[in-house]
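Here the structure is laid out as structure tokens; the discussion comes afterwards.
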Amino acid sequence: MTASMKRDNRMSASQSLISGGVAGVFSRTATSPLDVVKIVTQVGTFHSKRGFLNAFHSVYREEGLRAFWKGNCVACIRIVPYSAVQLATYNRFIQLHMDDLGRVSQWRAIVAGSVAGIVAALVIYPSDVIKTRLIVQNSLDPAYRGVLHALRCIYRKEGFLALYRGASLTVMGAVPFSCGSFLVYMNLDKLWGEPSFRFTPLQNFINGCLAAGVAQTLSFPFETVKRKMQAQSPVLPHYGGVDVHFTGMVDCFRQVVKAQGFLGLWNGLTANLLKIVPYFGLMFSSFEFCKRVCLYKNGYIVSPLSYQLAPGVDQSLGPQELRELRRLLRNRSFKSEQSTVSNRW
């Protein structure tokens, strides 16, 4: 999550998870066409032979408009378990590395985020393999009829390990990703000319997009090879549509550089970078709306359409504490009314 999407103590853990899930589903669905083009370009299917813009036309011409949402179902399903595992791992890592004052350095926070991302990605990695297979197949003549059918076919025909093909690249790619994020966040004070605690929500949004762009660019070769390894299969037509044939991870790097040059490892980067701003923008705005709905439901604000605080409400209290306080005040009020009535009689 970006800095502007940190947990608000006025929301319960389930509300934060659901809000993040809704925001993730909405932003991922809206940017799915860019994701599809990115992955077919990384894998090197026939759709991407004439460049970025022609890839859109080729996907639409060959498979129709619905093809831009291939794999979106499994991508949305994996959001909630991914977020839950990531959050639990991140919190555990932070707790282990807090100092006596409860503070954590920025470098450790970035490492915590990377470790949490790795653990979450490995736990649900089979869903990523299925997503890639659904995207690269021809939706008009599919080898897989859906998520469960793909899972069953891959397991039966290729074995359990096929569901984790390329998983080591997730770990390897986390190193340049973390370094890129650290490089950006360490220089934000110089970029804006003011300390980080004074950043506005817009500045934090720009910071998140910039960090994501740099980090993803540095780690992109690892993702490209991972996508090719996920897609390649001897039981699929044309070996899954991969543009190079290889025997393993190292050989895949070698074959890509040999056939396309060093920059071939960054095929699909244009679609990936164009996806960042709308993806994070939609995620931020939809998360903020869900957050306002939850805060209104919990009694902290007067309307889900604004952040105007409810009068007389202690904003430092958690949802459970606020409910207990209101219950206590209602009981006192009721007892007071009963006492008044008894005195009158």
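Each chain in the structure tokens gets a letter, A, B and so on, in the order shown; residues start at 1 in every chain, and ligands are counted from 1 in the order they appear.
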*Using only C-alpha atoms, which residues sit within 9 Å of A:Pro278 once same-chain residues fewer than 6 positions away are excluded, as a ChimeraX atom specification?*
/A:27,30-31
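Of the residues under consideration (A:Arg254, A:Val214, A:Gly146, A:Leu322), A:Leu322 shows the shortest atom-to-atom contact distance to A:Gly299 when counting only C-alpha atoms.
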*Once DSSP has gone over the backbone, tell me which residues of stretch 43-289 of chain A are in alpha helix (DSSP H), as a ChimeraX atom specification.*
/A:43,52-63,72-77,79-96,106-123,125-136,147-158,167-185,188-192,201-231,249-260,269-289
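Near A:Leu273, within 10 Å and counting only C-alpha atoms, sit Leu34, Lys38, Cys209, Leu210, Ala212, Gly213, Val214, Gln216 and Thr217 of chain A; same-chain residues fewer than 6 positions away were not included.
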*asked:* Just want the 10 Å neighbourhood of A:Gln137, counted on only C-alpha atoms, with same-chain residues fewer than 5 positions away dropped. Output as a ChimeraX atom specification.
replied: /A:40,45,67,70,132,142-144,231,236-237,240-241
Could those selected residues go to a file with C-alpha atoms, as a PDB file, in the first residue's frame?
```pdb
ATOM      1  CA  VAL A  40       1.590 -11.025 -23.761  1.00  0.00           C
ATOM      2  CA  THR A  45       3.079 -14.124 -28.109  1.00  0.00           C
ATOM      3  CA  ALA A  67      -9.888 -10.691 -24.199  1.00  0.00           C
ATOM      4  CA  LYS A  70      -8.521 -12.535 -19.527  1.00  0.00           C
ATOM      5  CA  THR A 132      -0.459 -16.039 -16.948  1.00  0.00           C
ATOM      6  CA  PRO A 142      -8.929 -22.140 -24.934  1.00  0.00           C
ATOM      7  CA  ALA A 143      -6.866 -24.919 -23.408  1.00  0.00           C
ATOM      8  CA  TYR A 144      -8.304 -23.945 -20.013  1.00  0.00           C
ATOM      9  CA  ALA A 231       3.746 -19.681 -19.808  1.00  0.00           C
ATOM     10  CA  LEU A 236       0.199 -26.428 -24.806  1.00  0.00           C
ATOM     11  CA  PRO A 237       0.000 -25.351 -28.471  1.00  0.00           C
ATOM     12  CA  GLY A 240       2.400 -21.608 -24.626  1.00  0.00           C
ATOM     13  CA  GLY A 241       3.265 -18.987 -27.251  1.00  0.00           C
TER      14      GLY A 241
END
```
_Residue nearest A:Gly173 - candidates A:Phe253, A:Phe46, A:Phe160, A:Phe222, atoms counted: only C-alpha atoms_ = A:Phe222
*Please provide the set of residues having any atom within 9 Å of A:Asp128, restricted to only C-alpha atoms, with same-chain residues fewer than 2 positions apart removed, written as a PyMOL selection string.*
chain A and resi 74-75+78+121+124-126+130-133+163+230
